[in-house]
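Trainee: Here it is, the structure in full.
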Amino acid sequence: MSTTSKRLRMLMATGAVGTTLALVLAGCGARAGDEAAGSGTSAKPSCVDTSGSTVKLGFLNSLTGGMAISEKTVSNVLHMAADEINAGGGILGKKIEYVQEDGATDWPTFAEKTEKLLTQDCVAAIFGGWTSSSRKAVKPVVEKNNGLFFYPVQYEGLESSPNIYYTGATTNQQIIPAMDFLASKGVKRLFLAGSDYVFPRTANAIIKLYAAKLGIEIVGEEYVPLDKDDWTSQVAKIVAAKPDFIFNTINGSSNVGFIKAYYDAGLTAATTPIISVSIAEEEAPAMGHEVTGHYASWNYFQSLKTDTNPKFIESWKAYPNSSGVTSDPMEAAYISLYLYKALVEAAGSFDVDAVNAAAKKNTITFDAPEGKVTLDGENHHISKPGHIGQINANNQFDIAWASDKFIEPDPYLEGYDWFPADIRKQLVDAAG
Amino acid sequence: MDALIAPLLNGSAQGALLLLAALGLSLTFGQMGVINMAHGEFLMIGAFAAYLVQQVIAASNLSIPVALPVAFVVAGLFGLLLEVTIIQWMYRRPLDTLLVTVGVSLILQQAALHIFPSQGVPVEKPGWLDGQLNILGYEWPLRQLFTILLAAVCVAALAAWLKYTSFGRRIRATVHNRDLAETSGISTRTVDRLTFFAGSGLAGVAGVAASLIGGTNSQMGAQYIIPAFLVVAAGGIGQLKGTILAAWAVGVALSYFAYWTTGSLAQVLAFILVIVFLQIRPQGLFTVRTRSLA
């Protein structure tokens, strides 16, 4: 259906284009013509050209609109990683030449730009996206064109694609460690607060199942639209429910409103702490002292003591447009470019099928700032250490808990007996 | 008891913030008929002004009271600049103003994104707003009371200005009959500019209140603009008392719905109420027939 309408649109566009324009475009017209004439049943031949001294990569981030507050930094860190790799000789001896596109916080735009990057710019791989909606918009396009997309943000899991690599945490690397931490703290009454979209809804469905297994009672569940900051009414409900911990899956600026309303109601980190999965070093400063003492679950923190972290922090601080602090999504974006480099070098080729075949060997690793991560060739996620940090007065995180080993990615939670198959199917279907 | 009193108090505070955001619009949209989509960004400018004041006066006890007039003047000047450069060429062309000001709002958002940290900046609440007030068993956050008092002061000041000063009289005269006002020697150009300055300045004050409630970042203005327009429309164009009543009603409705249902559903239900109300009474709560504006 969607391919038909695409084709129609293409035909209409072709019809509308005048002869002059066709002549002007004649240089690249042959390629576009080939595509239109292709059978369409199988993947089109790739137009990626790596015969020169460079390889073209696409960066796709929202630089305008609501998500720009988060995605701008990811874009900057990708640029930094590209510069670093180029300074070190590039990928397979080829310098990275990047095309930056603006997703504009608009999901159809993400799909269009992906199509453009793959078929007009002919990039070998695309890096970016933040919201699940943006990833879901990109997914069918990279799959249709047999392209590659590297996604750097923790998300709700229950997904895998031969054309997507996920370098952020899936639920068993962020949500489940957070629940284990809560159980270790002896939490009995948990309240769930989230933004109203797919990630918090799915995360909370998983949290409720695991809480039942851990013997933690869920005393309330509240959602507020992503673009609303005022949490006062919901916090009044939290006060009434008397929980002893809050699991916070709120995203974006709404978190500031939540933390402020929480503090205003007299709830403190000392009596009723919050554990968040979207507040990192970047977000905490905008919340003032009200956020101090609360917790966050991530894989990477700036305060982590690993061999590679100091260099990452220093490079970022010295980088123009730097925000001065490093955070988990930034680090995952940094990983994504290096992971691609490792994949291509293992494959000895930029070809998508060759890259995927190299991944299948399960030997791709990268000494990331969070530690040495290993790529799972089957589900295209990476192993990660689980960490819980407590926010201190400098808006940095003191490590309060760490998983005893790196957690293997399990996006469909198949290794967890408390996660029933029918609910898995239901959630996968609901996520579309 | 909690379930009855908490939403009433919280809703009144929510309504007060909505009123602060809508008050300036009731001047520029209500009195002058300008659809200014950049009004939310003037609110944002007020919030960033509060942040900047806090960089100079670190003690939040003092900085917030200082920030209020500063935000009024700064946002007002931005409004004046917009009026002089763009709006003045577009009076009586509401659709064009709408499109142009949407563009201006995007430019202001993007500028804020580049100037300030992209995740936003903290505006610290004064220490004297810490704590709660026990009202019939509900621990009501003091900050909410502050929002209500601030809105009350702004409304009183605006009403007095419109009613008792010669400038207020000139504004009312211009709104009632522009041609006749001009013939009697009133400079309607000056009136327009000052009205726009005051309307935008009020958005700046709303921004300071908003910075104590939610995030101060490039996107903050966007969430207030549509509800603020709805409130002005529901209250009756050019009707201060209508705007006040409508803002309070929407705030309280939002809060009760949020208490009984969910945060998302509350947004839907509250605005369905407004839309249904406007279907029944398109002219809003109060009509412009009355001579009193305050």
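Just so we're on the same page: first chain in the structure tokens is A, next is B, and so on; residues restart at 1 for each chain, and ligands are numbered from 1 in the order they show up.
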Please check the contacts: residues of chain B at most 6 Å away from chain A, using only C-alpha atoms, listed as a ChimeraX atom specification.
Mentor: /B:118-122,141,213-215,219,255,263-264
Trainee: Could the residues in this selection be written to a file with C-alpha atoms, as a PDB file, in the first residue's frame?
Mentor:
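Done, and the output landed in selection.pdb:
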```pdb
ATOM      1  CA  SER B 118      19.389  23.555  24.914  1.00  0.00           C
ATOM      2  CA  GLN B 119      17.866  21.703  27.880  1.00  0.00           C
ATOM      3  CA  GLY B 120      16.890  24.989  29.455  1.00  0.00           C
ATOM      4  CA  VAL B 121      18.000  26.908  32.528  1.00  0.00           C
ATOM      5  CA  PRO B 122      17.006  26.734  36.191  1.00  0.00           C
ATOM      6  CA  PRO B 141       1.905  24.344  48.130  1.00  0.00           C
ATOM      7  CA  ILE B 213       6.196  25.941  37.712  1.00  0.00           C
ATOM      8  CA  GLY B 214       7.793  24.238  34.708  1.00  0.00           C
ATOM      9  CA  GLY B 215      10.932  24.308  32.602  1.00  0.00           C
ATOM     10  CA  GLN B 219       9.783  25.352  23.914  1.00  0.00           C
ATOM     11  CA  SER B 255      -7.766  19.943  37.827  1.00  0.00           C
ATOM     12  CA  GLY B 263      -3.816  13.942  33.036  1.00  0.00           C
ATOM     13  CA  SER B 264      -4.218  13.309  29.310  1.00  0.00           C
TER      14      SER B 264
END
```
Trainee: Please, what distance in Å, to one decimal, runs between CA of Ala49 in chain B and CA of Val70 in chain B?
Mentor: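 According to the coordinates, CA of Ala49 in chain B and CA of Val70 in chain B are separated by 7.1 Å.
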Trainee: Considering only C-alpha atoms, return as a count of residues only whatever protein or nucleic-acid residues lie within 12 Å of range 77-82 of chain B, sequence-local ones (same chain, fewer than 2 positions apart) excluded.
Mentor: 52
Trainee: What does the distance between CA of Ala104 in chain A and CA of Val74 in chain A come to in Å, to one decimal place?
Mentor: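 A separation of 14.0 Å between them.
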Trainee: I want to know what sits within 10 Å of Asp49 in chain A, based on only C-alpha atoms, with residues of the same chain fewer than 4 positions away left out; could you give that as a CSV table (one decimal) with N, CA and C atoms, in the first residue's frame?
Mentor:
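Contents of around_28.csv, freshly written:
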```csv
chain,number,residue,atom,x,y,z
A,54,THR,N,36.5,9.1,0.3
A,54,THR,CA,35.6,9.4,1.4
A,54,THR,C,34.4,8.4,1.5
A,55,VAL,N,33.7,8.4,2.6
A,55,VAL,CA,32.5,7.7,2.7
A,55,VAL,C,31.4,8.6,3.3
A,56,LYS,N,30.3,8.6,2.7
A,56,LYS,CA,29.2,9.6,3.1
A,56,LYS,C,28.3,8.9,4.1
A,121,ASP,N,21.4,11.3,-1.4
A,121,ASP,CA,22.7,11.6,-0.9
A,121,ASP,C,23.6,10.3,-1.0
A,122,CYS,N,22.9,9.1,-1.1
A,122,CYS,CA,23.5,7.8,-1.1
A,122,CYS,C,24.5,7.6,0.0
A,123,VAL,N,24.0,7.9,1.2
A,123,VAL,CA,24.9,7.6,2.4
A,123,VAL,C,25.0,6.2,2.7
A,124,ALA,N,26.1,5.7,3.3
A,124,ALA,CA,26.3,4.3,3.6
A,124,ALA,C,25.5,3.9,4.9
A,350,PHE,N,31.7,-1.6,3.0
A,350,PHE,CA,30.6,-0.7,3.4
A,350,PHE,C,29.2,-1.3,3.1
```
Trainee: If you run DSSP on the backbone here, which positions in range 69-262 of chain B get alpha helix (DSSP H)? Please write them as a VMD selection string.
Mentor: chain B and resid 69 to 85 94 to 115 142 to 164 166 to 176 178 to 183 188 to 211 222 to 235 240 to 260
Trainee: For range 390-403 of chain A, find every residue with an atom within 9 Å (counting only C-alpha atoms), except residues of its own chain fewer than 4 positions away, and show them as a list in words.
Mentor: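 Those residues are Pro177, Phe181, Ile275, Ala280, Glu281, Glu282, Glu283, Ala284, Pro285, Gly288, His289, Val291, Thr292, Gly293, His294, Tyr295, Ala296, Phe301, Gln302, Ser303, Leu304, Val325, Pro385, Gly386 and Ile407 of chain A.
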Trainee: Take the residues that were just selected and, keeping C-alpha atoms, output them as a JSON list (two decimals), in the first residue's frame.
Mentor:
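Everything below was put into part22.json:
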```json
[["chain", "number", "residue", "atom", "x", "y", "z"],
["A", 177, "PRO", "CA", 18.13, -2.96, 36.84],
["A", 181, "PHE", "CA", 17.77, -1.60, 42.83],
["A", 275, "ILE", "CA", 14.07, 7.03, 40.23],
["A", 280, "ALA", "CA", 20.77, 12.73, 32.97],
["A", 281, "GLU", "CA", 23.65, 15.19, 33.41],
["A", 282, "GLU", "CA", 22.23, 17.33, 30.59],
["A", 283, "GLU", "CA", 18.73, 17.62, 32.07],
["A", 284, "ALA", "CA", 19.45, 17.94, 35.79],
["A", 285, "PRO", "CA", 20.86, 21.51, 35.77],
["A", 288, "GLY", "CA", 17.70, 23.45, 40.14],
["A", 289, "HIS", "CA", 18.36, 22.12, 43.62],
["A", 291, "VAL", "CA", 16.28, 17.38, 41.94],
["A", 292, "THR", "CA", 19.25, 16.79, 44.27],
["A", 293, "GLY", "CA", 19.18, 13.44, 46.03],
["A", 294, "HIS", "CA", 16.93, 11.67, 43.55],
["A", 295, "TYR", "CA", 18.09, 8.72, 41.45],
["A", 296, "ALA", "CA", 18.44, 7.83, 37.78],
["A", 301, "PHE", "CA", 27.34, 8.38, 33.81],
["A", 302, "GLN", "CA", 29.96, 11.10, 33.49],
["A", 303, "SER", "CA", 31.20, 10.04, 36.93],
["A", 304, "LEU", "CA", 32.02, 6.47, 35.79],
["A", 325, "VAL", "CA", 28.74, 17.62, 30.48],
["A", 385, "PRO", "CA", 26.50, -2.29, 32.42],
["A", 386, "GLY", "CA", 23.53, -1.29, 34.61],
["A", 407, "ILE", "CA", 23.85, -7.14, 30.86]]
```
